[in-house]
>>> print(open('final-v7.txt').read())   # compact mmCIF, C-alpha atoms
# COMPACT_ATOMS: atom_id res chain seq x y z
CA MET A 264 -0.62 20.80 -7.14
CA SER A 265 1.46 23.47 -5.52
CA PRO A 266 4.89 22.25 -4.38
CA ILE A 267 4.19 23.23 -0.76
CA LEU A 268 1.13 20.95 -0.62
CA PHE A 269 3.10 18.18 -2.33
CA TYR A 270 5.89 18.36 0.25
CA LEU A 271 3.36 18.55 3.11
CA PHE A 272 1.45 15.44 2.05
CA ALA A 273 4.56 13.53 0.96
CA ALA A 274 6.10 14.21 4.39
CA LEU A 275 2.84 13.13 6.07
CA THR A 276 2.79 9.87 4.09
CA LEU A 277 6.45 9.06 4.73
CA VAL A 278 6.61 10.10 8.41
CA PHE A 279 3.56 8.06 9.33
CA GLY A 280 4.86 5.21 7.14
CA ILE A 281 7.98 5.18 9.30
CA ALA A 282 5.72 5.32 12.38
CA VAL A 283 4.03 2.08 11.20
CA VAL A 284 7.40 0.32 11.30
CA ALA A 285 8.73 2.03 14.43
CA ASN A 286 5.74 1.73 16.80
CA ARG A 287 5.80 -1.20 19.21
CA ASN A 288 2.05 -1.02 19.77
CA PRO A 289 0.08 -2.63 16.88
CA VAL A 290 -2.92 -0.32 17.39
CA ALA A 291 -0.68 2.74 17.06
CA SER A 292 0.84 1.19 13.92
CA ALA A 293 -2.60 0.65 12.38
CA LEU A 294 -3.68 4.22 13.12
CA SER A 295 -0.42 5.56 11.64
CA LEU A 296 -1.17 3.51 8.53
CA VAL A 297 -4.55 5.28 8.21
CA VAL A 298 -2.86 8.70 8.27
CA SER A 299 -0.28 7.50 5.75
CA PHE A 300 -3.05 6.32 3.38
CA LEU A 301 -4.90 9.63 3.75
CA GLY A 302 -1.72 11.51 2.79
CA LEU A 303 -1.39 9.22 -0.23
CA ALA A 304 -5.02 9.96 -1.21
CA ALA A 305 -4.18 13.69 -1.09
CA LEU A 306 -1.22 13.04 -3.43
CA PHE A 307 -3.63 11.24 -5.81
CA VAL A 308 -5.89 14.33 -5.81
CA GLY A 309 -2.83 16.39 -6.71
CA LEU A 310 -2.31 14.09 -9.71
CA ASP A 311 -5.94 14.69 -10.88
CA ALA A 312 -6.91 11.08 -10.05
CA TYR A 313 -10.02 11.94 -8.02
CA PHE A 314 -11.72 8.56 -8.39
CA ILE A 315 -8.63 6.67 -7.21
CA ALA A 316 -8.28 9.07 -4.26
CA VAL A 317 -11.88 8.45 -3.17
CA ILE A 318 -11.47 4.68 -3.57
CA GLN A 319 -8.24 4.88 -1.57
CA VAL A 320 -10.02 6.57 1.35
CA LEU A 321 -13.07 4.29 1.17
CA VAL A 322 -11.31 0.94 0.76
CA TYR A 323 -7.98 1.42 2.53
CA ALA A 324 -8.57 4.06 5.21
CA GLY A 325 -12.08 2.70 5.72
CA ALA A 326 -12.59 -1.01 5.17
CA VAL A 327 -9.08 -2.47 5.30
CA MET A 328 -8.02 -0.53 8.38
CA VAL A 329 -11.22 -1.41 10.26
CA LEU A 330 -10.43 -5.04 9.49
CA PHE A 331 -6.87 -4.66 10.81
CA LEU A 332 -7.99 -2.92 14.02
CA PHE A 333 -10.75 -5.48 14.48
CA ILE A 334 -8.31 -8.38 14.27
CA ILE A 335 -5.74 -6.67 16.53
CA MET A 336 -8.39 -6.09 19.18
CA LEU A 337 -9.98 -9.52 18.68
CA LEU A 338 -6.67 -11.28 19.26
CA ASN A 339 -5.95 -8.86 22.13
CA ILE A 340 -2.35 -8.28 21.09
CA LYS A 341 -0.49 -6.22 23.66
CA VAL A 342 2.58 -4.09 23.17
CA GLU A 343 5.38 -6.40 22.11
CA GLU A 344 7.68 -7.39 24.93
CA ARG A 345 11.31 -6.78 24.19
CA ARG A 346 13.07 -9.85 22.93
CA LYS A 347 16.71 -10.50 22.27
CA ILE A 348 17.44 -8.68 19.03
CA ASN A 349 18.97 -10.76 16.27
CA VAL A 350 21.74 -8.32 15.32
CA VAL A 351 22.64 -10.04 12.03
CA ALA A 352 19.02 -9.99 10.82
CA TYR A 353 18.61 -6.32 11.77
CA ALA A 354 21.88 -5.31 10.12
CA GLY A 355 20.97 -7.28 6.98
CA GLY A 356 17.50 -5.73 6.77
CA GLY A 357 18.86 -2.23 7.28
CA LEU A 358 21.58 -2.80 4.71
CA VAL A 359 19.13 -3.99 2.03
CA THR A 360 16.89 -0.96 2.68
CA VAL A 361 19.78 1.51 2.47
CA ALA A 362 21.02 -0.19 -0.70
CA PHE A 363 17.52 0.06 -2.19
CA VAL A 364 17.26 3.79 -1.45
CA ALA A 365 20.76 4.42 -2.86
CA GLU A 366 19.88 2.50 -6.02
CA LEU A 367 16.62 4.46 -6.34
CA TRP A 368 18.55 7.74 -6.09
CA LEU A 369 21.09 6.66 -8.71
CA VAL A 370 18.41 5.41 -11.14
CA LEU A 371 16.35 8.60 -10.84
CA GLN A 372 19.49 10.73 -11.41
CA ARG A 373 19.95 8.96 -14.76
CA PHE A 374 16.28 9.27 -15.83
CA PRO A 375 16.09 12.47 -17.95
CA VAL A 376 12.36 12.10 -18.74
CA GLY A 377 11.59 12.32 -15.03
CA LYS A 378 13.21 15.74 -14.77
CA THR A 379 10.60 17.37 -17.04
CA GLU A 380 7.48 18.99 -15.67
CA PHE A 381 4.03 17.44 -15.83
CA PRO A 382 2.33 18.49 -19.10
CA ALA A 383 -0.81 20.58 -18.81
CA MET A 384 -4.12 18.82 -19.38
CA ALA A 385 -6.49 19.84 -22.17
CA GLU A 386 -9.12 21.11 -19.74
CA GLN A 387 -8.93 22.23 -16.14
CA THR A 388 -11.72 19.90 -15.01
CA VAL A 389 -12.22 16.33 -16.18
CA ASP A 390 -15.06 13.84 -15.77
CA ASP A 391 -12.75 11.56 -13.90
CA VAL A 392 -15.24 8.94 -12.72
CA ARG A 393 -16.92 8.74 -16.13
CA ASN A 394 -13.60 8.31 -17.95
CA VAL A 395 -12.36 5.63 -15.55
CA GLY A 396 -15.73 3.87 -15.82
CA ASN A 397 -15.64 3.99 -19.62
CA THR A 398 -12.19 2.41 -19.70
CA LEU A 399 -13.11 -0.12 -17.03
CA PHE A 400 -16.28 -1.35 -18.72
CA SER A 401 -15.09 -1.27 -22.34
CA THR A 402 -11.37 -2.01 -22.65
CA HIS A 403 -10.99 -3.93 -19.40
CA ASN A 404 -14.36 -5.61 -19.09
CA LEU A 405 -13.07 -9.20 -18.83
CA PRO A 406 -10.50 -8.48 -16.07
CA PHE A 407 -13.23 -6.60 -14.21
CA GLN A 408 -15.44 -9.68 -14.18
CA VAL A 409 -12.52 -11.91 -13.23
CA ILE A 410 -11.95 -9.58 -10.24
CA GLY A 411 -15.58 -10.21 -9.26
CA VAL A 412 -14.95 -13.96 -9.28
CA LEU A 413 -11.76 -13.40 -7.27
CA ILE A 414 -13.68 -11.54 -4.56
CA LEU A 415 -16.26 -14.34 -4.45
CA VAL A 416 -13.46 -16.91 -4.05
CA ALA A 417 -11.85 -14.77 -1.32
CA THR A 418 -15.17 -14.52 0.55
CA ILE A 419 -15.69 -18.28 0.44
CA GLY A 420 -12.08 -18.85 1.44
CA VAL A 421 -12.39 -16.57 4.46
CA ILE A 422 -15.55 -18.37 5.61
CA VAL A 423 -13.86 -21.77 5.25
CA LEU A 424 -10.74 -20.56 7.08
CA SER A 425 -12.78 -19.07 9.91
CA LYS A 426 -14.68 -22.28 10.66
CA ARG A 427 -13.59 -23.73 13.92
CA GLU A 428 -13.07 -27.30 12.73
CA LEU A 429 -11.83 -28.02 9.25
CA LYS A 430 -13.00 -31.36 7.90
CA MET B 161 10.43 25.37 -8.19
CA THR B 162 8.08 23.03 -10.02
CA LEU B 163 7.08 19.44 -9.48
CA THR B 164 8.54 16.84 -11.79
CA LEU B 165 7.83 13.16 -12.30
CA ASN B 166 10.93 12.30 -10.27
CA HIS B 167 9.46 13.91 -7.13
CA TYR B 168 6.58 11.47 -7.15
CA LEU B 169 8.75 8.49 -8.13
CA PHE B 170 11.14 9.25 -5.28
CA VAL B 171 8.31 9.47 -2.71
CA SER B 172 6.93 6.20 -4.12
CA GLY B 173 10.34 4.52 -3.86
CA LEU B 174 10.88 5.77 -0.30
CA LEU B 175 7.46 4.45 0.72
CA PHE B 176 8.37 1.09 -0.83
CA ALA B 177 11.69 1.11 1.07
CA ILE B 178 9.84 1.80 4.34
CA GLY B 179 7.51 -1.13 3.69
CA LEU B 180 10.46 -3.35 2.75
CA SER B 181 12.34 -2.44 5.92
CA GLY B 182 9.21 -3.18 7.97
CA VAL B 183 8.83 -6.63 6.41
CA MET B 184 12.46 -7.44 7.17
CA LEU B 185 12.88 -5.80 10.59
CA ARG B 186 9.59 -6.43 12.38
CA ARG B 187 8.68 -9.84 13.81
CA ASN B 188 4.96 -9.30 14.45
CA ILE B 189 3.02 -10.91 11.61
CA ILE B 190 0.28 -8.25 11.64
CA ILE B 191 2.83 -5.42 11.31
CA ILE B 192 4.49 -7.34 8.45
CA PHE B 193 1.09 -7.52 6.77
CA MET B 194 0.56 -3.75 7.17
CA CYS B 195 3.97 -3.14 5.59
CA LEU B 196 2.92 -5.26 2.59
CA GLU B 197 -0.03 -2.88 2.15
CA LEU B 198 2.40 0.04 2.31
CA MET B 199 4.44 -1.48 -0.53
CA LEU B 200 1.33 -2.05 -2.68
CA ASN B 201 0.38 1.59 -2.18
CA ALA B 202 3.85 2.75 -3.18
CA ALA B 203 3.36 0.94 -6.51
CA ASN B 204 -0.05 2.63 -6.86
CA LEU B 205 1.51 6.08 -6.40
CA SER B 206 4.03 5.56 -9.19
CA LEU B 207 1.30 4.17 -11.49
CA VAL B 208 -0.90 7.22 -10.93
CA ALA B 209 2.08 9.56 -11.45
CA PHE B 210 2.90 7.90 -14.79
CA SER B 211 -0.78 8.02 -15.75
CA ARG B 212 -0.83 11.80 -15.21
CA PHE B 213 2.53 12.23 -16.97
CA ASN B 214 1.65 10.35 -20.19
CA LEU B 215 -1.35 12.34 -21.37
CA VAL B 216 -3.54 10.79 -24.10
CA ASN B 217 -5.45 13.50 -26.02
CA GLY B 218 -4.94 15.87 -23.10
CA LEU B 219 -6.39 13.41 -20.59
CA PRO B 220 -4.54 11.16 -18.12
CA ASN B 221 -3.88 7.59 -19.29
CA TYR B 222 -6.85 5.84 -17.70
CA ASN B 223 -5.49 2.33 -18.32
CA ALA B 224 -3.05 2.92 -15.45
CA GLN B 225 -5.84 4.11 -13.16
CA VAL B 226 -7.88 0.99 -13.98
CA LEU B 227 -4.82 -1.08 -13.05
CA VAL B 228 -4.63 0.81 -9.72
CA PHE B 229 -8.32 0.03 -9.20
CA PHE B 230 -7.59 -3.68 -9.74
CA ILE B 231 -4.61 -3.55 -7.38
CA ILE B 232 -6.76 -1.98 -4.64
CA THR B 233 -9.44 -4.65 -5.14
CA VAL B 234 -6.96 -7.54 -5.04
CA ALA B 235 -5.26 -6.00 -1.99
CA ALA B 236 -8.60 -5.81 -0.16
CA ALA B 237 -9.31 -9.48 -0.94
CA GLU B 238 -5.77 -10.37 0.11
CA VAL B 239 -6.18 -8.56 3.46
CA ALA B 240 -9.41 -10.45 4.19
CA VAL B 241 -7.87 -13.86 3.43
CA GLY B 242 -4.57 -13.04 5.16
CA LEU B 243 -6.23 -11.89 8.36
CA ALA B 244 -8.41 -15.01 8.38
CA ILE B 245 -5.23 -17.10 8.13
CA ILE B 246 -3.66 -15.09 10.98
CA VAL B 247 -6.73 -15.69 13.17
CA ALA B 248 -6.60 -19.43 12.39
CA LEU B 249 -2.88 -19.42 13.19
CA TYR B 250 -3.47 -17.59 16.48
CA ARG B 251 -6.09 -20.17 17.45
CA ALA B 252 -3.62 -22.99 16.81
CA ARG B 253 -0.49 -21.44 18.32
CA GLN B 254 -1.55 -18.44 20.51
CA THR B 255 1.14 -16.23 18.98
CA THR B 256 1.60 -13.67 16.20
CA HIS B 257 5.37 -13.63 16.53
CA VAL B 258 6.97 -15.11 13.41
CA GLU B 259 9.96 -16.55 15.31
CA ASP B 260 7.60 -18.76 17.33
CA ILE B 261 6.22 -20.31 14.14
CA ASN B 262 9.13 -22.36 12.81
CA SER B 263 7.78 -25.86 12.12
CA LEU B 264 8.80 -25.60 8.46
CA LYS B 265 12.21 -24.14 9.26
CA PHE B 266 15.05 -26.45 8.33
>>> encode(input="final-v7.txt", output="structure tokens")
Amino acid sequence: MSPILFYLFAALTLVFGIAVVANRNPVASALSLVVSFLGLAALFVGLDAYFIAVIQVLVYAGAVMVLFLFIIMLLNIKVEERRKINVVAYAGGGLVTVAFVAELWLVLQRFPVGKTEFPAMAEQTVDDVRNVGNTLFSTHNLPFQVIGVLILVATIGVIVLSKRELK
Amino acid sequence: MTLTLNHYLFVSGLLFAIGLSGVMLRRNIIIIFMCLELMLNAANLSLVAFSRFNLVNGLPNYNAQVLVFFIITVAAAEVAVGLAIIVALYRARQTTHVEDINSLKF
């Protein structure tokens, strides 16, 4: 991936990530999140992970975000009214975030392996989906089936939670 | 000017920090939930970067990509259950503001 494209998509991901936090309107936040996920999918393409990029667009930018927008509109949540800001909580949250970024910077400065370039792959094109599928169905077959059970449990759980009267 | 592993790790860490700040600064439970998704995606980005960095026989390490696949699946299930809980909560309390929901607060 050329550095210009990397910086473009990284900036897109981060700027719209900040927009998710900064927007007062939940619908605007959800739409910013879609753009952020699309930028992330572009970064995945730059890392030669085509299958993951496609899944990211399909599942996150498609299904998950539709679910979020659906719930926001179903509950009819308006723009948040301004409340009295808890200064201590805001200062604490900001402080932890700044400390986290500073720590990240310091750790990455002391990580010599990270300063080397990405090694070249054996071939220019790879059968990405086939390779991921091979690994998924051979090495990680049991976790894959457990994930299937998990989704079934989640589906049943959602139906139970959505019933009007729990008995 | 070439791209190194640190570029991707730094973007991933910044995205995680944005999600973390959202969880701590925002009081709308739906926005907090979106910021959780942001943090999960930040982890995915660093996993994919490491997968591309540690080549196995000239190919990316696909174990990491399978882990990302699992994370995306679990996150999708988590969103469905979480939003169902939020809807049930809204029915009971008519609010999505976390400071209005303090029955368990000491």
>>> closest_residue(input="final-v7.txt", among="A:Ala274, A:Leu306, A:Met384, A:Ala282", to="Leu215 (chain B)", atoms="all atoms listed in the file")
A:Met384
>>> residues_around(input="final-v7.txt", residues="Leu196 (chain B)", least_positions_apart="6", cutoff="12 Å", atoms="all atoms listed in the file", output="list of chain:residue names")
A:Gly280, A:Val283, A:Val284, A:Leu296, B:Leu175, B:Phe176, B:Ala177, B:Ile178, B:Gly179, B:Leu180, B:Ser181, B:Gly182, B:Val183, B:Met184, B:Arg186, B:Ile189, B:Ile190, B:Ala202, B:Ala203, B:Ala235, B:Ala236, B:Glu238, B:Val239, B:Gly242
>>> interface_residues(input="final-v7.txt", of="chain B", to="chain A", cutoff="8 Å", atoms="only C-alpha atoms", output="mmCIF file with C-alpha atoms, in the coordinates of the input")
data_model
loop_
_atom_site.group_PDB
_atom_site.id
_atom_site.type_symbol
_atom_site.label_atom_id
_atom_site.label_comp_id
_atom_site.auth_asym_id
_atom_site.auth_seq_id
_atom_site.Cartn_x
_atom_site.Cartn_y
_atom_site.Cartn_z
ATOM 1 C CA MET B 161 10.430 25.370 -8.190
ATOM 2 C CA THR B 162 8.080 23.030 -10.020
ATOM 3 C CA LEU B 163 7.080 19.440 -9.480
ATOM 4 C CA THR B 164 8.540 16.840 -11.790
ATOM 5 C CA LEU B 165 7.830 13.160 -12.300
ATOM 6 C CA ASN B 166 10.930 12.300 -10.270
ATOM 7 C CA PHE B 170 11.140 9.250 -5.280
ATOM 8 C CA VAL B 171 8.310 9.470 -2.710
ATOM 9 C CA GLY B 173 10.340 4.520 -3.860
ATOM 10 C CA LEU B 174 10.880 5.770 -0.300
ATOM 11 C CA LEU B 175 7.460 4.450 0.720
ATOM 12 C CA ALA B 177 11.690 1.110 1.070
ATOM 13 C CA ILE B 178 9.840 1.800 4.340
ATOM 14 C CA GLY B 179 7.510 -1.130 3.690
ATOM 15 C CA LEU B 180 10.460 -3.350 2.750
ATOM 16 C CA SER B 181 12.340 -2.440 5.920
ATOM 17 C CA GLY B 182 9.210 -3.180 7.970
ATOM 18 C CA MET B 184 12.460 -7.440 7.170
ATOM 19 C CA LEU B 185 12.880 -5.800 10.590
ATOM 20 C CA ARG B 186 9.590 -6.430 12.380
ATOM 21 C CA ILE B 190 0.280 -8.250 11.640
ATOM 22 C CA ILE B 191 2.830 -5.420 11.310
ATOM 23 C CA MET B 194 0.560 -3.750 7.170
ATOM 24 C CA CYS B 195 3.970 -3.140 5.590
ATOM 25 C CA LEU B 198 2.400 0.040 2.310
ATOM 26 C CA LEU B 205 1.510 6.080 -6.400
ATOM 27 C CA VAL B 208 -0.900 7.220 -10.930
ATOM 28 C CA ALA B 209 2.080 9.560 -11.450
ATOM 29 C CA ARG B 212 -0.830 11.800 -15.210
ATOM 30 C CA PHE B 213 2.530 12.230 -16.970
ATOM 31 C CA LEU B 215 -1.350 12.340 -21.370
ATOM 32 C CA ASN B 217 -5.450 13.500 -26.020
ATOM 33 C CA GLY B 218 -4.940 15.870 -23.100
ATOM 34 C CA LEU B 219 -6.390 13.410 -20.590
ATOM 35 C CA PRO B 220 -4.540 11.160 -18.120
ATOM 36 C CA TYR B 222 -6.850 5.840 -17.700
ATOM 37 C CA ASN B 223 -5.490 2.330 -18.320
ATOM 38 C CA GLN B 225 -5.840 4.110 -13.160
ATOM 39 C CA VAL B 226 -7.880 0.990 -13.980
ATOM 40 C CA VAL B 228 -4.630 0.810 -9.720
ATOM 41 C CA PHE B 229 -8.320 0.030 -9.200
ATOM 42 C CA PHE B 230 -7.590 -3.680 -9.740
ATOM 43 C CA ILE B 232 -6.760 -1.980 -4.640
ATOM 44 C CA THR B 233 -9.440 -4.650 -5.140
ATOM 45 C CA VAL B 234 -6.960 -7.540 -5.040
ATOM 46 C CA ALA B 236 -8.600 -5.810 -0.160
ATOM 47 C CA ALA B 237 -9.310 -9.480 -0.940
ATOM 48 C CA GLU B 238 -5.770 -10.370 0.110
ATOM 49 C CA VAL B 239 -6.180 -8.560 3.460
ATOM 50 C CA ALA B 240 -9.410 -10.450 4.190
ATOM 51 C CA VAL B 241 -7.870 -13.860 3.430
ATOM 52 C CA LEU B 243 -6.230 -11.890 8.360
ATOM 53 C CA ALA B 244 -8.410 -15.010 8.380
ATOM 54 C CA ILE B 245 -5.230 -17.100 8.130
ATOM 55 C CA VAL B 247 -6.730 -15.690 13.170
ATOM 56 C CA ALA B 248 -6.600 -19.430 12.390
ATOM 57 C CA TYR B 250 -3.470 -17.590 16.480
#
>>> atom_distance(input="final-v7.txt", atom1="CA of Ala291 (chain A)", atom2="CA of Arg253 (chain B)")
24.2 Å
>>> atom_distance(input="final-v7.txt", atom1="CA of Arg187 (chain B)", atom2="CA of Arg251 (chain B)")
18.4 Å
